[in-house]
>>> print(open('work.cif').read())   # mmCIF, C-alpha atoms and all ligand atoms
data_input
loop_
_atom_site.group_PDB
_atom_site.id
_atom_site.type_symbol
_atom_site.label_atom_id
_atom_site.label_comp_id
_atom_site.auth_asym_id
_atom_site.auth_seq_id
_atom_site.Cartn_x
_atom_site.Cartn_y
_atom_site.Cartn_z
ATOM 1 C CA LEU U 1 47.244 163.186 51.277
ATOM 2 C CA THR U 2 46.310 166.795 51.868
ATOM 3 C CA LYS U 3 44.036 166.749 54.902
ATOM 4 C CA ILE U 4 41.453 164.855 56.888
ATOM 5 C CA ASP U 5 38.323 165.354 54.813
ATOM 6 C CA HIS U 6 35.742 163.817 57.084
ATOM 7 C CA LEU U 7 34.903 161.324 59.781
ATOM 8 C CA GLY U 8 32.152 158.819 59.070
ATOM 9 C CA ILE U 9 29.958 158.080 62.073
ATOM 10 C CA ALA U 10 27.503 155.184 62.129
ATOM 11 C CA VAL U 11 24.181 156.006 63.785
ATOM 12 C CA ARG U 12 20.943 154.120 64.330
ATOM 13 C CA ASP U 13 18.642 157.119 64.002
ATOM 14 C CA LEU U 14 19.707 159.909 61.670
ATOM 15 C CA ASP U 15 17.022 162.367 62.813
ATOM 16 C CA LYS U 16 17.901 162.003 66.477
ATOM 17 C CA SER U 17 21.615 162.191 65.741
ATOM 18 C CA VAL U 18 21.205 165.330 63.639
ATOM 19 C CA GLU U 19 19.200 166.834 66.488
ATOM 20 C CA TYR U 20 22.059 166.092 68.903
ATOM 21 C CA TYR U 21 24.681 167.760 66.682
ATOM 22 C CA GLU U 22 22.420 170.766 66.061
ATOM 23 C CA LYS U 23 20.876 171.332 69.478
ATOM 24 C CA SER U 24 23.569 170.081 71.830
ATOM 25 C CA LEU U 25 26.657 171.125 69.866
ATOM 26 C CA GLY U 26 25.260 174.048 67.869
ATOM 27 C CA LEU U 27 26.361 172.753 64.458
ATOM 28 C CA ARG U 28 24.200 173.070 61.378
ATOM 29 C CA CYS U 29 23.422 170.182 59.075
ATOM 30 C CA HIS U 30 24.248 171.234 55.515
ATOM 31 C CA GLY U 31 23.071 168.308 53.480
ATOM 32 C CA ARG U 32 21.464 164.934 53.389
ATOM 33 C CA GLU U 33 21.566 162.275 50.706
ATOM 34 C CA GLU U 34 21.180 158.598 49.950
ATOM 35 C CA ALA U 35 24.593 157.033 49.480
ATOM 36 C CA PHE U 36 26.213 154.093 47.785
ATOM 37 C CA ALA U 37 26.604 152.055 50.974
ATOM 38 C CA LYS U 38 22.837 151.609 51.378
ATOM 39 C CA SER U 39 22.800 154.426 53.871
ATOM 40 C CA GLU U 40 21.315 157.849 54.265
ATOM 41 C CA ASN U 41 23.937 160.427 55.163
ATOM 42 C CA SER U 42 23.864 163.841 56.803
ATOM 43 C CA PHE U 43 26.766 166.254 56.701
ATOM 44 C CA PHE U 44 28.200 168.764 59.131
ATOM 45 C CA GLU U 45 31.206 171.028 58.818
ATOM 46 C CA ILE U 46 33.641 172.025 61.569
ATOM 47 C CA GLY U 47 36.436 174.199 60.271
ATOM 48 C CA GLU U 48 37.711 172.306 57.247
ATOM 49 C CA VAL U 49 36.628 168.890 58.486
ATOM 50 C CA HIS U 50 33.256 167.343 57.803
ATOM 51 C CA LEU U 51 31.246 164.846 59.755
ATOM 52 C CA GLU U 52 29.262 162.315 57.780
ATOM 53 C CA LEU U 53 26.508 160.630 59.785
ATOM 54 C CA LEU U 54 25.467 157.298 58.287
ATOM 55 C CA GLU U 55 22.201 155.524 58.985
ATOM 56 C CA PRO U 56 21.697 152.196 57.188
ATOM 57 C CA THR U 57 18.689 151.960 54.873
ATOM 58 C CA ALA U 58 18.882 148.188 54.331
ATOM 59 C CA GLU U 59 19.659 145.185 56.484
ATOM 60 C CA ASP U 60 22.539 144.168 54.242
ATOM 61 C CA SER U 61 24.115 147.634 54.391
ATOM 62 C CA PRO U 62 27.732 147.592 55.590
ATOM 63 C CA ILE U 63 26.663 150.251 58.088
ATOM 64 C CA ALA U 64 24.011 147.902 59.503
ATOM 65 C CA LYS U 65 26.673 145.220 59.924
ATOM 66 C CA PHE U 66 28.981 147.684 61.642
ATOM 67 C CA LEU U 67 26.212 148.762 64.072
ATOM 68 C CA GLU U 68 25.453 145.138 64.878
ATOM 69 C CA LYS U 69 29.078 144.374 65.615
ATOM 70 C CA SER U 70 30.334 147.568 67.216
ATOM 71 C CA GLY U 71 27.333 149.764 67.989
ATOM 72 C CA GLU U 72 27.172 153.457 67.173
ATOM 73 C CA GLY U 73 30.414 155.323 66.759
ATOM 74 C CA ILE U 74 33.188 156.324 64.418
ATOM 75 C CA HIS U 75 32.992 154.135 61.322
ATOM 76 C CA HIS U 76 35.755 155.479 59.085
ATOM 77 C CA ILE U 77 38.257 158.249 58.571
ATOM 78 C CA ALA U 78 38.589 159.864 55.159
ATOM 79 C CA PHE U 79 41.748 161.478 53.838
ATOM 80 C CA ARG U 80 41.590 163.883 50.953
ATOM 81 C CA THR U 81 44.038 163.399 48.133
ATOM 82 C CA ASP U 82 44.784 164.991 44.775
ATOM 83 C CA ASP U 83 45.869 161.628 43.359
ATOM 84 C CA ILE U 84 43.587 158.812 44.444
ATOM 85 C CA GLU U 85 45.090 156.253 42.026
ATOM 86 C CA GLY U 86 48.582 157.074 43.274
ATOM 87 C CA GLN U 87 47.521 156.693 46.905
ATOM 88 C CA LEU U 88 45.926 153.319 46.173
ATOM 89 C CA ASP U 89 49.070 152.182 44.345
ATOM 90 C CA GLN U 90 51.252 153.285 47.236
ATOM 91 C CA ALA U 91 49.056 151.529 49.809
ATOM 92 C CA SER U 92 48.735 148.272 47.890
ATOM 93 C CA GLY U 93 52.423 148.364 46.978
ATOM 94 C CA SER U 94 53.266 148.431 50.674
ATOM 95 C CA GLY U 95 51.067 145.399 51.335
ATOM 96 C CA VAL U 96 47.777 147.001 52.366
ATOM 97 C CA LYS U 97 44.630 145.149 51.358
ATOM 98 C CA LEU U 98 42.265 147.329 49.316
ATOM 99 C CA ILE U 99 38.487 147.039 49.472
ATOM 100 C CA HIS U 100 38.255 148.916 46.173
ATOM 101 C CA GLU U 101 41.039 148.655 43.611
ATOM 102 C CA VAL U 102 39.256 151.201 41.438
ATOM 103 C CA PRO U 103 37.798 154.434 42.846
ATOM 104 C CA PHE U 104 34.071 154.946 42.444
ATOM 105 C CA GLU U 105 31.626 157.809 42.835
ATOM 106 C CA GLY U 106 30.820 158.288 46.514
ATOM 107 C CA ALA U 107 28.854 160.873 48.471
ATOM 108 C CA ALA U 108 29.142 164.602 47.857
ATOM 109 C CA ASN U 109 30.389 164.263 44.262
ATOM 110 C CA LYS U 110 33.720 162.680 45.118
ATOM 111 C CA LEU U 111 35.712 159.727 43.902
ATOM 112 C CA VAL U 112 36.337 157.393 46.820
ATOM 113 C CA ALA U 113 38.016 154.078 47.651
ATOM 114 C CA PHE U 114 38.501 152.209 50.909
ATOM 115 C CA LEU U 115 41.363 150.304 52.502
ATOM 116 C CA HIS U 116 40.590 147.199 54.480
ATOM 117 C CA PRO U 117 40.661 147.759 58.277
ATOM 118 C CA LYS U 118 42.504 144.460 58.763
ATOM 119 C CA SER U 119 45.446 146.087 56.973
ATOM 120 C CA THR U 120 45.193 149.508 58.604
ATOM 121 C CA HIS U 121 45.470 148.703 62.294
ATOM 122 C CA GLY U 122 41.739 148.773 62.819
ATOM 123 C CA VAL U 123 40.697 151.978 61.067
ATOM 124 C CA LEU U 124 38.478 151.699 58.009
ATOM 125 C CA THR U 125 40.279 154.204 55.793
ATOM 126 C CA GLU U 126 38.811 156.132 52.890
ATOM 127 C CA PHE U 127 40.641 158.117 50.246
ATOM 128 C CA CYS U 128 38.564 160.788 48.556
ATOM 129 C CA MET U 129 39.191 163.177 45.719
ATOM 130 C CA ASP U 130 37.003 165.895 44.230
ATOM 131 C CA LYS U 131 35.638 164.964 40.835
ATOM 132 C CA GLU U 132 36.822 167.318 38.135
HETATM 133 ZN ZN ZN U 201 33.212 158.750 54.023
#
>>> encode(input="work.cif", output="structure tokens")
Amino acid sequence: LTKIDHLGIAVRDLDKSVEYYEKSLGLRCHGREEAFAKSENSFFEIGEVHLELLEPTAEDSPIAKFLEKSGEGIHHIAFRTDDIEGQLDQASGSGVKLIHEVPFEGAANKLVAFLHPKSTHGVLTEFCMDKE
């Protein structure tokens, strides 16, 4: 792992959340896109770390389920890696349950895969790697 790439934050209202980060914190939103998890995402950058705000776009979105259970807040932490397959092998080899055994194309043109929070002491953990 080379760094913390981003924090994923579940929100109920993307527009209002973006307004908070822009007006109250002075950050600038640098992108918005529909994502694989049936969510619409907005991105911010602080130093080398990004924030990914996630608003569900369907009732069966995992983000919708998270909001129902836990309310708004930090949804996942994403670590950048240069070797996503190797990281998954290491994690599963040490007994961690994987949500995705095979990386797939996530937001912002990256390959991503998630570890199950029941195996990670409560933190939904994402590995991400730039697509080459
Ligand atoms: Zn993420």
>>> resolve_selection(input="work.cif", expression="the PyMOL selection byres (((chain U and resi 91-103) around 10) and not hetatm)", output="MDAnalysis selection string")
chainID U and resid 84:90 104:106 110:120 124:129
>>> residues_near_ligand(input="work.cif", ligand="ligand ZN 201 (chain U)", cutoff="7 Å", atoms="only C-alpha atoms and all ligand atoms", output="PDB file with C-alpha atoms, in the frame of the given file")
ATOM      1  CA  HIS U   6      35.742 163.817  57.084  1.00  0.00           C
ATOM      2  CA  LEU U   7      34.903 161.324  59.781  1.00  0.00           C
ATOM      3  CA  GLY U   8      32.152 158.819  59.070  1.00  0.00           C
ATOM      4  CA  GLU U  52      29.262 162.315  57.780  1.00  0.00           C
ATOM      5  CA  HIS U  76      35.755 155.479  59.085  1.00  0.00           C
ATOM      6  CA  ILE U  77      38.257 158.249  58.571  1.00  0.00           C
ATOM      7  CA  ALA U  78      38.589 159.864  55.159  1.00  0.00           C
ATOM      8  CA  GLU U 126      38.811 156.132  52.890  1.00  0.00           C
TER       9      GLU U 126
END
>>> resolve_selection(input="work.cif", expression="the PyMOL selection byres (((chain U and resi 48) around 10) and not hetatm)", output="CSV table (one decimal) with C-alpha atoms, in the coordinates of the input")
chain,number,residue,atom,x,y,z
U,3,LYS,CA,44.0,166.7,54.9
U,4,ILE,CA,41.5,164.9,56.9
U,5,ASP,CA,38.3,165.4,54.8
U,6,HIS,CA,35.7,163.8,57.1
U,45,GLU,CA,31.2,171.0,58.8
U,46,ILE,CA,33.6,172.0,61.6
U,47,GLY,CA,36.4,174.2,60.3
U,49,VAL,CA,36.6,168.9,58.5
U,50,HIS,CA,33.3,167.3,57.8
>>> atom_distance(input="work.cif", atom1="CA of Ser24 (chain U)", atom2="CA of Thr57 (chain U)")
25.3 Å
>>> resolve_selection(input="work.cif", expression="the PyMOL selection byres (((chain U and resi 33-36) around 12) and not hetatm)", output="PyMOL selection string")
chain U and resi 14+29-32+37-43+52-58+61-63+104-113
>>> atom_distance(input="work.cif", atom1="CA of Leu1 (chain U)", atom2="CA of Arg80 (chain U)")
5.7 Å
>>> closest_residue(input="work.cif", among="U:Thr2, U:Gly26, U:Val11, U:Glu132", to="His75 (chain U)", atoms="only C-alpha atoms")
U:Val11
>>> atom_distance(input="work.cif", atom1="CA of Glu59 (chain U)", atom2="CA of Glu72 (chain U)")
15.5 Å
>>> closest_residue(input="work.cif", among="U:His121, U:Lys131, U:Lys69, U:Glu19", to="Asp82 (chain U)", atoms="only C-alpha atoms")
U:Lys131
>>> axis_aligned_box(input="work.cif", around="region 114-124 of chain U", padding_each_side="8 Å", output="lines of an AutoDock Vina configuration file")
center_x = 42.0
center_y = 148.3
center_z = 56.9
size_x = 23.0
size_y = 23.7
size_z = 27.9
>>> decode(input="work.cif", residues="region 117-128 of chain U", atoms="all heavy atoms", output="PDB file, in the first residue's frame")
ATOM      1  N   PRO U 117     -16.127  -5.670   5.950  1.00  0.00           N
ATOM      2  CA  PRO U 117     -15.897  -5.003   7.251  1.00  0.00           C
ATOM      3  C   PRO U 117     -15.952  -5.953   8.450  1.00  0.00           C
ATOM      4  O   PRO U 117     -15.392  -5.641   9.494  1.00  0.00           O
ATOM      5  CB  PRO U 117     -17.009  -3.949   7.338  1.00  0.00           C
ATOM      6  CG  PRO U 117     -18.002  -4.315   6.298  1.00  0.00           C
ATOM      7  CD  PRO U 117     -17.280  -5.098   5.244  1.00  0.00           C
ATOM      8  N   LYS U 118     -16.601  -7.115   8.273  1.00  0.00           N
ATOM      9  CA  LYS U 118     -16.603  -8.067   9.402  1.00  0.00           C
ATOM     10  C   LYS U 118     -15.223  -8.644   9.641  1.00  0.00           C
ATOM     11  O   LYS U 118     -14.937  -9.161  10.712  1.00  0.00           O
ATOM     12  CB  LYS U 118     -17.610  -9.195   9.135  1.00  0.00           C
ATOM     13  CG  LYS U 118     -19.018  -8.749   9.446  1.00  0.00           C
ATOM     14  CD  LYS U 118     -20.027  -9.876   9.396  1.00  0.00           C
ATOM     15  CE  LYS U 118     -21.400  -9.317   9.741  1.00  0.00           C
ATOM     16  NZ  LYS U 118     -22.471  -9.977   9.005  1.00  0.00           N
ATOM     17  N   SER U 119     -14.359  -8.570   8.620  1.00  0.00           N
ATOM     18  CA  SER U 119     -12.992  -9.089   8.753  1.00  0.00           C
ATOM     19  C   SER U 119     -11.973  -7.995   9.021  1.00  0.00           C
ATOM     20  O   SER U 119     -10.799  -8.283   9.157  1.00  0.00           O
ATOM     21  CB  SER U 119     -12.564  -9.796   7.463  1.00  0.00           C
ATOM     22  OG  SER U 119     -13.312 -10.937   7.221  1.00  0.00           O
ATOM     23  N   THR U 120     -12.412  -6.739   9.023  1.00  0.00           N
ATOM     24  CA  THR U 120     -11.431  -5.642   9.081  1.00  0.00           C
ATOM     25  C   THR U 120     -11.658  -4.760  10.295  1.00  0.00           C
ATOM     26  O   THR U 120     -11.342  -3.574  10.276  1.00  0.00           O
ATOM     27  CB  THR U 120     -11.506  -4.770   7.813  1.00  0.00           C
ATOM     28  OG1 THR U 120     -12.840  -4.209   7.751  1.00  0.00           O
ATOM     29  CG2 THR U 120     -11.240  -5.561   6.552  1.00  0.00           C
ATOM     30  N   HIS U 121     -12.216  -5.331  11.329  1.00  0.00           N
ATOM     31  CA  HIS U 121     -12.469  -4.577  12.564  1.00  0.00           C
ATOM     32  C   HIS U 121     -13.345  -3.358  12.303  1.00  0.00           C
ATOM     33  O   HIS U 121     -13.103  -2.266  12.827  1.00  0.00           O
ATOM     34  CB  HIS U 121     -11.154  -4.198  13.256  1.00  0.00           C
ATOM     35  CG  HIS U 121     -10.320  -5.398  13.588  1.00  0.00           C
ATOM     36  ND1 HIS U 121     -10.403  -6.057  14.796  1.00  0.00           N
ATOM     37  CD2 HIS U 121      -9.446  -6.100  12.835  1.00  0.00           C
ATOM     38  CE1 HIS U 121      -9.592  -7.102  14.789  1.00  0.00           C
ATOM     39  NE2 HIS U 121      -9.005  -7.159  13.606  1.00  0.00           N
ATOM     40  N   GLY U 122     -14.341  -3.549  11.454  1.00  0.00           N
ATOM     41  CA  GLY U 122     -15.387  -2.544  11.315  1.00  0.00           C
ATOM     42  C   GLY U 122     -15.214  -1.523  10.217  1.00  0.00           C
ATOM     43  O   GLY U 122     -16.117  -0.726   9.983  1.00  0.00           O
ATOM     44  N   VAL U 123     -14.084  -1.546   9.517  1.00  0.00           N
ATOM     45  CA  VAL U 123     -13.865  -0.535   8.473  1.00  0.00           C
ATOM     46  C   VAL U 123     -14.006  -1.171   7.092  1.00  0.00           C
ATOM     47  O   VAL U 123     -13.216  -2.044   6.722  1.00  0.00           O
ATOM     48  CB  VAL U 123     -12.458   0.099   8.588  1.00  0.00           C
ATOM     49  CG1 VAL U 123     -12.252   1.136   7.488  1.00  0.00           C
ATOM     50  CG2 VAL U 123     -12.265   0.721   9.952  1.00  0.00           C
ATOM     51  N   LEU U 124     -15.016  -0.757   6.348  1.00  0.00           N
ATOM     52  CA  LEU U 124     -15.104  -1.201   4.956  1.00  0.00           C
ATOM     53  C   LEU U 124     -13.858  -0.677   4.244  1.00  0.00           C
ATOM     54  O   LEU U 124     -13.612   0.530   4.203  1.00  0.00           O
ATOM     55  CB  LEU U 124     -16.375  -0.656   4.304  1.00  0.00           C
ATOM     56  CG  LEU U 124     -16.574  -0.986   2.825  1.00  0.00           C
ATOM     57  CD1 LEU U 124     -16.581  -2.485   2.557  1.00  0.00           C
ATOM     58  CD2 LEU U 124     -17.842  -0.352   2.303  1.00  0.00           C
ATOM     59  N   THR U 125     -13.059  -1.603   3.710  1.00  0.00           N
ATOM     60  CA  THR U 125     -11.741  -1.250   3.189  1.00  0.00           C
ATOM     61  C   THR U 125     -11.686  -1.492   1.692  1.00  0.00           C
ATOM     62  O   THR U 125     -12.072  -2.555   1.214  1.00  0.00           O
ATOM     63  CB  THR U 125     -10.655  -2.112   3.891  1.00  0.00           C
ATOM     64  OG1 THR U 125     -10.700  -1.825   5.290  1.00  0.00           O
ATOM     65  CG2 THR U 125      -9.264  -1.797   3.360  1.00  0.00           C
ATOM     66  N   GLU U 126     -11.215  -0.479   0.985  1.00  0.00           N
ATOM     67  CA  GLU U 126     -11.089  -0.550  -0.470  1.00  0.00           C
ATOM     68  C   GLU U 126      -9.620  -0.528  -0.843  1.00  0.00           C
ATOM     69  O   GLU U 126      -8.848   0.231  -0.255  1.00  0.00           O
ATOM     70  CB  GLU U 126     -11.808   0.659  -1.093  1.00  0.00           C
ATOM     71  CG  GLU U 126     -11.628   0.801  -2.603  1.00  0.00           C
ATOM     72  CD  GLU U 126     -12.312   2.053  -3.170  1.00  0.00           C
ATOM     73  OE1 GLU U 126     -13.166   2.642  -2.476  1.00  0.00           O
ATOM     74  OE2 GLU U 126     -11.977   2.444  -4.284  1.00  0.00           O
ATOM     75  N   PHE U 127      -9.235  -1.352  -1.787  1.00  0.00           N
ATOM     76  CA  PHE U 127      -7.934  -1.208  -2.442  1.00  0.00           C
ATOM     77  C   PHE U 127      -8.203  -0.572  -3.801  1.00  0.00           C
ATOM     78  O   PHE U 127      -9.185  -0.942  -4.460  1.00  0.00           O
ATOM     79  CB  PHE U 127      -7.270  -2.561  -2.674  1.00  0.00           C
ATOM     80  CG  PHE U 127      -6.851  -3.281  -1.421  1.00  0.00           C
ATOM     81  CD1 PHE U 127      -6.923  -4.665  -1.361  1.00  0.00           C
ATOM     82  CD2 PHE U 127      -6.364  -2.589  -0.327  1.00  0.00           C
ATOM     83  CE1 PHE U 127      -6.532  -5.344  -0.213  1.00  0.00           C
ATOM     84  CE2 PHE U 127      -5.971  -3.259   0.830  1.00  0.00           C
ATOM     85  CZ  PHE U 127      -6.044  -4.644   0.872  1.00  0.00           C
ATOM     86  N   CYS U 128      -7.370   0.364  -4.206  1.00  0.00           N
ATOM     87  CA  CYS U 128      -7.542   0.915  -5.548  1.00  0.00           C
ATOM     88  C   CYS U 128      -6.191   1.089  -6.234  1.00  0.00           C
ATOM     89  O   CYS U 128      -5.177   1.303  -5.587  1.00  0.00           O
ATOM     90  CB  CYS U 128      -8.345   2.210  -5.534  1.00  0.00           C
ATOM     91  SG  CYS U 128      -7.550   3.592  -4.742  1.00  0.00           S
TER      92      CYS U 128
END
